[in-house]
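Below: the structure, in structure tokens.
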Amino acid sequence: MKKIKSIKNGLFSRNVGLAKMAFGAGRDFLSKKEGDFAQNLIETLESKSGVITHELGLMKGSVMKAGQALSTYMGDFFPENVKKLLATLENQSYFLDWETLKKQVPKQWFESLNFEEEPLAAASIGQVHLAEDKETKDVYAVKIQYPGIRRAINRDVFTIKLLFNSLKIAPGKLDISDIYTEIKEMLYQEMNYEHELATILEFKRLIGEDPLIKVLEPIEQFCTKDILTTKLSKGHNLRSKEVSSLSQDKRNELGAAFLELFCRELYEWSLVQTDGHFGNYLIEINEGKANWFLLDFGATKRLEGEFLNNYRNMISAVILQDKELFFNSFKNLGRIDNADSFDQDLLWEYLEVMGSPFQKDSYDWGSSQIPDQAMAYLPKLMKNIPEGKAPKDTIFVDRKIASVFYVLKQLNCDFNAREIFLKYI
């Protein structure tokens with residue numbers, strides 16, 4: 001990690017940084033007249049990877065979260081040098097000098113806590129410092145939000161919108177303005193650590209004493225809107241050698257537990273933690289046992305009403321390969337205004353690919369080609385989308401579903417995914 005004295009959180013400085021990325025990347029991307037969408041994007045990011053990761057590290061906030069998503073959901077498509085650069089965005093990057101960050105901490109806390117000045121981790125909207133309780137000698141992980149980062153949300157979303165428009169990533173006929181509104185609302189929620197504290201406590205209650213799933217233990221007297229303090233949790237990143245060296249049975253067990261957790265979120269609790277990038281999870285390994293440790297609950301979305309019923313039915317239809325149920329629910333959900341005016345067979349082909357892990361008694365996630373197949377369908381699906389206004393409600397739950405696939409692939413696990421889903425649908 002590299003120390004920085006300040007974060008680019010002013011309008012001018014952030015837009016200059018974004019311009020450095022957008023001008024070079026956008027120009028190169030649009031100049032590629034031939035070749036498929038995925039390959040063109042890979043080549044562009046490879047040529048501009050140094051500028052992109054440097055500027056994201058200096059800016060933090062919502063634009064860095066976009067970089068984390070890129071690393072998680074497209075990591076398999078990148079050359080090794082791009083993978084290594086983007087992987088640093090998952091759980092550590094440039095960190096803010098302690099003399100600047102400690103101004104966020106209430107002065108009276110220093111009477112009770114001894115802080116380590118070097119951060120344990122630096123993420124998109126805050127960094128984590130260890131602190132020892134002077135009285136109990138317990139060690140806490142204190143997540144402190146970067147100063148001024150909340151003020152940058154509106155301008156970041158506006159600039160990202162301009163960048164997406166310049167790269168022509170979104171279909172021109174589809175109005176996605178509500179999606180930007182949803183992104184903005186979720187970012188404000190993620191930067192409210194009081195809300196995250198309440199969500200952690202709710203998940204702890206819902207999960208209960210599950211030996212395979214553990215949740216952070218908050219220290220409530222040292223929490224504010226800008227600071228979240230928990231007991232220190234130790235474990236290994238999903239990409240670590242320790243995790244990849246686990247036995248096949250252990251990785252299968254962890255994969256099944258992760259998928260079942262998502263089913264419970266969607267079908268039992270109506271409460272989904274939607275940010276699945278790898279830095280939000282640890283795997284504890286002790287005396288031959290392994291379990292998940294859930295680290296981040298900022299991007300949790302509560303689902304309700306007709307939206308929830310129709311979304312559940314759509315997921316169930318993909319698992320059961322029930323085409324009629326899917327398109328009835330799709331129309332009721334109102335994902336697009338003209339649900340009958342596009343190639344439904346093409347969309348169903350894509351959904352058959354996405355549902356393929358659930359058609360067998362066992363599925364090898366490690367050798368899954370679904371990310372490659374999904375990317376191949378993307379340009380055709382985008383061209384096929386009719387005019388209309390895209391609903392905002394599904395974007396973050398869709399992201400969670402994608403992350404489930406990527407987590408299970410990274411674990412290289414093999415288990416009966418269909419059996420798990422059938423318990424809930």
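Going through the structure tokens in order, the chains are called A, B, and so on, while each chain numbers its residues from 1 and the ligands are numbered from 1 in the order shown.
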Closest pair table for stretch 277-379 of chain A residues within 9 Å of stretch 247-250 of chain A, only C-alpha atoms, as a tab-separated table:
residue	atom	partner	partner_atom	distance
A:Gly288	CA	A:Lys250	CA	9.0
A:Lys289	CA	A:Lys250	CA	7.9
A:Ala290	CA	A:Lys250	CA	7.0
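Here the question is which of A:Cys413, A:Ile144, A:Ile283, A:Ile125 gets nearest to A:His236 using only C-alpha atoms, and that residue is A:Ile283.
In terms of minimum interatomic distance to A:Leu282, A:Asn237 ranks closest within A:Asn237, A:Asn114, A:Asn252, A:Asn328, counting only C-alpha atoms.
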Report the closest atom pair, with its distance in Å rounded to one decimal, for each residue of stretch 274-333 of chain A that has an atom no farther than 12 Å from stretch 192-216 of chain A; count only C-alpha atoms, sort by chain and then rising residue number, and write it as a tab-separated table.
residue	atom	partner	partner_atom	distance
A:Asn280	CA	A:Val215	CA	11.3
A:Tyr281	CA	A:Val215	CA	10.0
A:Leu282	CA	A:Lys214	CA	9.8
A:Ile283	CA	A:Ile213	CA	9.4
A:Glu284	CA	A:Lys214	CA	9.3
A:Ile285	CA	A:Leu212	CA	10.8
A:Lys289	CA	A:Leu212	CA	9.1
A:Ala290	CA	A:Leu212	CA	7.1
A:Asn291	CA	A:Leu212	CA	4.4
A:Trp292	CA	A:Ile213	CA	4.9
A:Phe293	CA	A:Lys214	CA	4.8
A:Leu294	CA	A:Val215	CA	5.1
A:Leu295	CA	A:Leu216	CA	6.2
A:Asp296	CA	A:Glu196	CA	8.1
A:Phe297	CA	A:Glu196	CA	5.7
A:Gly298	CA	A:Glu196	CA	5.1
A:Ala299	CA	A:Glu196	CA	8.3
A:Thr300	CA	A:Thr199	CA	7.6
A:Lys301	CA	A:Thr199	CA	10.0
A:Arg302	CA	A:Thr199	CA	10.3
- Distance criterion (only C-alpha atoms): nearest to A:Gln373 out of A:Phe95, A:Gln189, A:Met354, A:Asp361: A:Met354
